[in-house]
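S.K.: Just one file: query-v2.cif, with mmCIF, C-alpha atoms.
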data_final
#
loop_
_atom_site.label_atom_id
_atom_site.label_comp_id
_atom_site.auth_asym_id
_atom_site.auth_seq_id
_atom_site.Cartn_x
_atom_site.Cartn_y
_atom_site.Cartn_z
CA MET A 1 0.00 0.00 0.00
CA SER A 2 1.34 3.41 -0.89
CA VAL A 3 1.13 6.21 1.66
CA TYR A 4 2.39 8.71 -0.91
CA ALA A 5 -0.17 11.52 -1.00
CA ARG A 6 -0.37 13.07 -4.44
CA PRO A 7 -1.81 16.57 -4.68
CA PRO A 8 -5.51 16.63 -5.71
CA GLY A 9 -6.08 17.09 -9.42
CA GLN A 10 -2.54 16.10 -10.35
CA PRO A 11 -2.21 13.48 -13.13
CA PHE A 12 -1.24 10.04 -11.86
CA LYS A 13 -0.63 6.50 -12.97
CA ARG A 14 -1.52 3.31 -11.07
CA LEU A 15 1.82 1.48 -11.00
CA PHE A 16 3.36 -1.82 -9.95
CA PHE A 17 6.54 -3.81 -10.57
CA ALA A 18 6.06 -7.38 -11.77
CA MET A 19 7.45 -10.27 -13.76
CA ALA A 20 5.26 -11.26 -16.69
CA PHE A 21 5.66 -14.56 -18.49
CA PRO A 22 5.70 -15.66 -22.12
CA GLY A 23 2.44 -16.60 -23.81
CA PRO A 24 2.92 -20.40 -23.69
CA GLN A 25 3.42 -20.35 -19.91
CA ALA A 26 0.38 -18.14 -19.38
CA LYS A 27 -1.74 -20.26 -21.72
CA ALA A 28 -0.82 -23.46 -19.84
CA ILE A 29 -1.86 -21.89 -16.55
CA ALA A 30 -5.11 -20.60 -18.08
CA ARG A 31 -5.97 -24.08 -19.44
CA TRP A 32 -5.35 -25.59 -16.00
CA ARG A 33 -7.35 -22.83 -14.28
CA ASN A 34 -10.27 -23.38 -16.66
CA SER A 35 -10.60 -26.94 -15.35
CA LEU A 36 -11.38 -25.61 -11.86
CA ASN A 37 -14.85 -24.87 -10.51
CA LEU A 38 -14.66 -21.10 -9.96
CA GLY A 39 -18.36 -20.37 -9.59
CA ASN A 40 -19.08 -16.70 -10.34
CA ALA A 41 -15.50 -15.53 -9.88
CA ARG A 42 -13.99 -13.25 -12.53
CA ARG A 43 -11.18 -15.04 -14.37
CA VAL A 44 -8.06 -12.95 -14.85
CA PRO A 45 -7.17 -12.87 -18.57
CA ALA A 46 -4.04 -14.90 -19.33
CA ALA A 47 -2.49 -11.78 -20.90
CA ASN A 48 -2.58 -10.19 -17.41
CA PHE A 49 -0.85 -13.07 -15.58
CA HIS A 50 2.17 -11.84 -13.63
CA ILE A 51 3.95 -12.13 -10.32
CA THR A 52 3.85 -8.78 -8.56
CA LEU A 53 7.14 -7.67 -7.05
CA LEU A 54 5.90 -4.38 -5.59
CA PHE A 55 2.59 -2.55 -5.83
CA LEU A 56 2.98 1.24 -5.76
CA GLY A 57 -0.60 2.37 -6.34
CA ASP A 58 -1.42 5.88 -7.56
CA VAL A 59 1.81 7.74 -8.34
CA SER A 60 2.09 11.29 -9.64
CA VAL A 61 3.19 11.46 -13.28
CA GLU A 62 5.89 13.92 -12.17
CA LEU A 63 7.45 11.22 -10.02
CA LEU A 64 7.66 8.64 -12.84
CA PRO A 65 11.26 9.48 -13.98
CA ALA A 66 12.45 9.17 -10.36
CA VAL A 67 10.69 5.80 -9.97
CA VAL A 68 12.42 4.50 -13.10
CA ALA A 69 15.81 5.88 -11.96
CA ALA A 70 15.40 4.26 -8.52
CA ALA A 71 14.58 0.91 -10.15
CA ASP A 72 17.64 1.33 -12.39
CA SER A 73 19.79 1.47 -9.26
CA VAL A 74 18.57 -1.89 -7.93
CA THR A 75 20.99 -4.78 -8.18
CA ARG A 76 19.30 -7.36 -10.36
CA PRO A 77 19.85 -11.10 -10.54
CA THR A 78 22.32 -11.96 -13.29
CA ARG A 79 20.25 -14.80 -14.67
CA PRO A 80 16.56 -15.50 -15.27
CA LEU A 81 14.48 -16.21 -12.17
CA ARG A 82 12.81 -19.61 -11.96
CA VAL A 83 9.69 -19.73 -9.84
CA VAL A 84 7.62 -22.84 -9.14
CA LEU A 85 3.95 -22.07 -8.59
CA ASP A 86 2.75 -25.21 -6.86
CA THR A 87 0.07 -24.24 -4.34
CA LEU A 88 -3.52 -23.16 -4.96
CA GLU A 89 -4.87 -20.78 -2.31
CA ALA A 90 -8.08 -18.83 -1.75
CA TRP A 91 -7.31 -15.48 -0.14
CA HIS A 92 -10.60 -14.48 1.44
CA ARG A 93 -9.44 -11.07 2.66
CA SER A 94 -8.74 -9.93 -0.91
CA SER A 95 -11.28 -12.31 -2.55
CA VAL A 96 -8.78 -13.84 -4.97
CA LEU A 97 -7.78 -17.33 -6.03
CA ALA A 98 -4.02 -17.47 -6.41
CA LEU A 99 -1.19 -19.78 -7.37
CA THR A 100 1.67 -19.39 -4.91
CA ALA A 101 5.20 -20.67 -4.52
CA ASP A 102 5.61 -23.03 -1.59
CA GLN A 103 9.34 -22.21 -1.59
CA PRO A 104 9.96 -18.88 -3.31
CA PRO A 105 13.51 -18.47 -4.63
CA ALA A 106 15.72 -16.19 -2.54
CA PRO A 107 16.73 -14.00 -5.54
CA LEU A 108 13.04 -13.22 -6.17
CA LEU A 109 12.48 -12.24 -2.55
CA ARG A 110 15.64 -10.12 -2.63
CA LEU A 111 14.56 -8.30 -5.80
CA ALA A 112 11.16 -7.47 -4.28
CA TYR A 113 12.83 -6.20 -1.10
CA ASP A 114 15.42 -4.13 -2.99
CA LEU A 115 12.71 -2.48 -5.10
CA GLN A 116 10.82 -1.58 -1.93
CA GLN A 117 13.95 -0.06 -0.40
CA ALA A 118 14.66 1.92 -3.59
CA MET A 119 11.17 3.46 -3.54
CA GLN A 120 11.29 4.67 0.08
CA PRO A 121 13.41 7.82 -0.56
CA LEU A 122 10.75 8.89 -3.07
CA GLY A 123 8.09 8.88 -0.40
CA LEU A 124 6.63 5.66 -1.77
CA THR A 125 6.42 3.33 1.19
CA PRO A 126 4.64 0.22 0.03
CA GLU A 127 4.37 -2.51 2.62
CA LEU A 128 6.32 -5.62 1.79
CA GLN A 129 5.51 -7.27 5.08
CA GLY A 130 4.37 -10.78 4.39
CA TYR A 131 5.32 -10.59 0.70
CA ARG A 132 4.21 -13.79 -0.98
CA PRO A 133 4.94 -14.23 -4.66
CA HIS A 134 1.71 -15.21 -6.35
CA LEU A 135 -0.19 -15.20 -9.62
CA THR A 136 -3.86 -14.20 -9.39
CA LEU A 137 -6.13 -16.61 -11.26
CA ALA A 138 -9.52 -15.12 -10.38
CA ARG A 139 -11.03 -12.16 -8.55
CA ASP A 140 -14.26 -11.98 -6.52
CA PHE A 141 -13.54 -15.52 -5.37
CA ARG A 142 -15.18 -16.21 -2.01
CA ASN A 143 -15.11 -20.00 -1.73
CA PRO A 144 -12.51 -22.43 -0.42
CA ALA A 145 -9.80 -23.35 -2.94
CA PRO A 146 -11.33 -25.83 -5.40
CA GLU A 147 -10.03 -29.35 -5.82
CA ALA A 148 -7.83 -29.70 -8.87
CA VAL A 149 -7.74 -32.89 -10.94
CA GLU A 150 -4.06 -32.20 -11.60
CA PRO A 151 -2.09 -30.52 -8.81
CA PRO A 152 -0.46 -27.25 -9.87
CA GLU A 153 3.22 -27.30 -10.73
CA PHE A 154 4.15 -24.52 -13.08
CA TRP A 155 7.83 -23.75 -13.59
CA LEU A 156 7.95 -20.15 -14.71
CA THR A 157 11.06 -18.41 -15.93
CA GLY A 158 11.23 -14.65 -15.63
CA THR A 159 13.77 -13.13 -18.01
CA HIS A 160 12.86 -9.55 -17.10
CA PHE A 161 10.71 -7.50 -14.80
CA ALA A 162 8.82 -4.34 -15.61
CA LEU A 163 7.13 -1.31 -14.21
CA PHE A 164 3.51 -1.63 -15.30
CA GLU A 165 0.67 0.83 -15.46
CA SER A 166 -2.76 -0.58 -14.72
CA ARG A 167 -5.25 1.15 -16.99
CA LYS A 168 -8.84 0.04 -17.61
CA GLY A 169 -8.13 -3.62 -16.94
CA GLN A 170 -4.94 -3.72 -19.02
CA TYR A 171 -1.38 -3.85 -17.76
CA LEU A 172 0.88 -1.70 -19.91
CA PRO A 173 4.67 -1.91 -19.51
CA VAL A 174 6.26 1.47 -18.82
CA GLN A 175 9.89 0.29 -18.52
CA GLU A 176 11.57 -3.15 -18.52
CA TRP A 177 14.75 -4.48 -16.90
CA SER A 178 16.58 -7.63 -17.96
CA LEU A 179 17.39 -10.43 -15.54
CA SER A 180 20.15 -11.93 -17.65
#
As structure tokens - that is how I would like this structure written.
M.R.:
Amino acid sequence: MSVYARPPGQPFKRLFFAMAFPGPQAKAIARWRNSLNLGNARRVPAANFHITLLFLGDVSVELLPAVVAAADSVTRPTRPLRVVLDTLEAWHRSSVLALTADQPPAPLLRLAYDLQQAMQPLGLTPELQGYRPHLTLARDFRNPAPEAVEPPEFWLTGTHFALFESRKGQYLPVQEWSLS
């Protein structure tokens, strides 16, 4: 959550850092997800699948160059990040169904932490407490996690991460950084 207070009436963008994944990986997850009983939940489009590293929220457009510069200063892993999404969880507080990593890789956790630290001098103080890498499958999900015929085990490889703008249900990359 961002506690950055932008002046009223000032243009802003809704921003987050995340790793997106190539089409074939997203399509495989979507096919698996479609085999689940999701009731009336809203399925997240496969094109929007990502693992959030840091959610910034509403950020003044004026601050955008500083956000990019701060992310530039973060030490990045020198090779692609491999993440295994192997646990299906219903998060009732946020009403989402998510795939999570039972054992998230240390370089992924470090990258998320370093991004959070880089944003603090800008007055962006998102909470990373309890950070759990996850991929949201469905929103408005209020039931227990459904039984899956096949247990989840998706090996995702992130070759880059990006600063995304969330606009009208689409996630648009603003800037990308390589992980290799």
S.K.: Choose the residue, out of A:Asp114, A:Glu176, A:Glu165, A:Glu153, that has the smallest atom-to-atom separation from Thr100 of chain A; count all atoms listed in the file.
M.R.: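 Among A:Asp114, A:Glu176, A:Glu165, A:Glu153, it is A:Glu153 that comes nearest to Thr100 of chain A.
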S.K.: Env of segment 102-112 of chain A: 7 Å cut, atoms = only C-alpha atoms, seq-sep filter 2 positions within chain, self excluded. Answer as a VMD selection string.
M.R.: chain A and resid 53 to 54 76 to 77 81 83 86 to 87 100 114 to 116 133
S.K.: Using all atoms listed in the file, find the one residue out of A:Leu156, A:Ala41, A:Ala30, A:Leu63 that sits nearest to Pro11 of chain A.
M.R.: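 Of A:Leu156, A:Ala41, A:Ala30, A:Leu63, the one nearest Pro11 of chain A, counting all atoms listed in the file, is A:Leu63.
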S.K.: Near Pro121 of chain A, counting all atoms listed in the file, which residues have an atom at most 12 Å away, once you skip same-chain residues fewer than 6 positions from it, shown as a list in words?
M.R.: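 Those residues are Tyr4, Leu63, Ala66, Val67, Ala69, Ala70, Ala71 and Leu115 of chain A.
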S.K.: Convert the output of the PyMOL selection byres ((chain A and resi 152) around 9) on the shown file into explicit residues, formatted as an NGL selection string.
M.R.: :A and (29 or 32 or 85-88 or 99 or 148 or 150-151 or 153-154)
S.K.: Let's have the selection written as a PDB file, keeping the file's coordinate frame, with C-alpha atoms.
M.R.:
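What follows is the written file out-v8.pdb:
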ATOM      1  CA  ILE A  29      -1.860 -21.890 -16.550  1.00  0.00           C
ATOM      2  CA  TRP A  32      -5.350 -25.590 -16.000  1.00  0.00           C
ATOM      3  CA  LEU A  85       3.950 -22.070  -8.590  1.00  0.00           C
ATOM      4  CA  ASP A  86       2.750 -25.210  -6.860  1.00  0.00           C
ATOM      5  CA  THR A  87       0.070 -24.240  -4.340  1.00  0.00           C
ATOM      6  CA  LEU A  88      -3.520 -23.160  -4.960  1.00  0.00           C
ATOM      7  CA  LEU A  99      -1.190 -19.780  -7.370  1.00  0.00           C
ATOM      8  CA  ALA A 148      -7.830 -29.700  -8.870  1.00  0.00           C
ATOM      9  CA  GLU A 150      -4.060 -32.200 -11.600  1.00  0.00           C
ATOM     10  CA  PRO A 151      -2.090 -30.520  -8.810  1.00  0.00           C
ATOM     11  CA  GLU A 153       3.220 -27.300 -10.730  1.00  0.00           C
ATOM     12  CA  PHE A 154       4.150 -24.520 -13.080  1.00  0.00           C
TER      13      PHE A 154
END
S.K.: Could you please determine the separation between atom CA of Val149 of chain A and atom CA of Gly39 of chain A in Å, to one decimal place?
M.R.: 16.5 Å
S.K.: A:Lys27, A:Arg42, A:Lys13, A:Arg167: which is nearest Val61 of chain A, counting all atoms listed in the file?
M.R.: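 Smallest distance to Val61 of chain A is found for A:Lys13.
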S.K.: Suppose you want the space between atom CA of His92 of chain A and atom CA of Phe141 of chain A; what is it in Å?
M.R.: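 Atom-to-atom, atom CA of His92 of chain A and atom CA of Phe141 of chain A are spaced 7.5 Å apart.
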S.K.: Point out the residue among A:Val74, A:Val174, A:Ala138, A:Leu64 with the least atom-to-atom distance to Phe49 of chain A, counting all atoms listed in the file.
M.R.: A:Ala138
S.K.: Any idea what the distance is between atom CA of Trp91 of chain A and atom CA of Thr159 of chain A?
M.R.: 27.7 Å
S.K.: Running the PyMOL selection byres ((chain A and resi 79) around 6) on this model by hand, what would come out? Give it as a PyMOL selection string.
M.R.: chain A and resi 77-78+80+179-180
S.K.: Determine the residue membership of the PyMOL selection byres ((chain A and resi 18) around 6) for the file above and supply it as a list in words.
M.R.: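 That selection, the PyMOL selection byres ((chain A and resi 18) around 6), comes back as Phe17, Met19, Ile51, Thr52, Leu53, Phe161 and Ala162 of chain A.
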S.K.: If you count all atoms listed in the file, which residues fall within 7 Å of Leu36 of chain A, apart from same-chain ones fewer than 2 positions away, as a PyMOL selection string?
M.R.: chain A and resi 33-34+38+146+148
S.K.: From the set A:Thr125, A:Pro24, A:Met119, A:Ser178, which residue has the shortest atom-to-atom contact distance to Gly158 of chain A, counting all atoms listed in the file?
M.R.: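 Under the stated criterion, the closest residue is A:Ser178.
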S.K.: Which one of A:Ala28, A:Leu163, A:Leu135, A:Ala90 sits closest to His50 of chain A if you count only C-alpha atoms?
M.R.: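 Ranking A:Ala28, A:Leu163, A:Leu135, A:Ala90 by distance to His50 of chain A, first place goes to A:Leu135.
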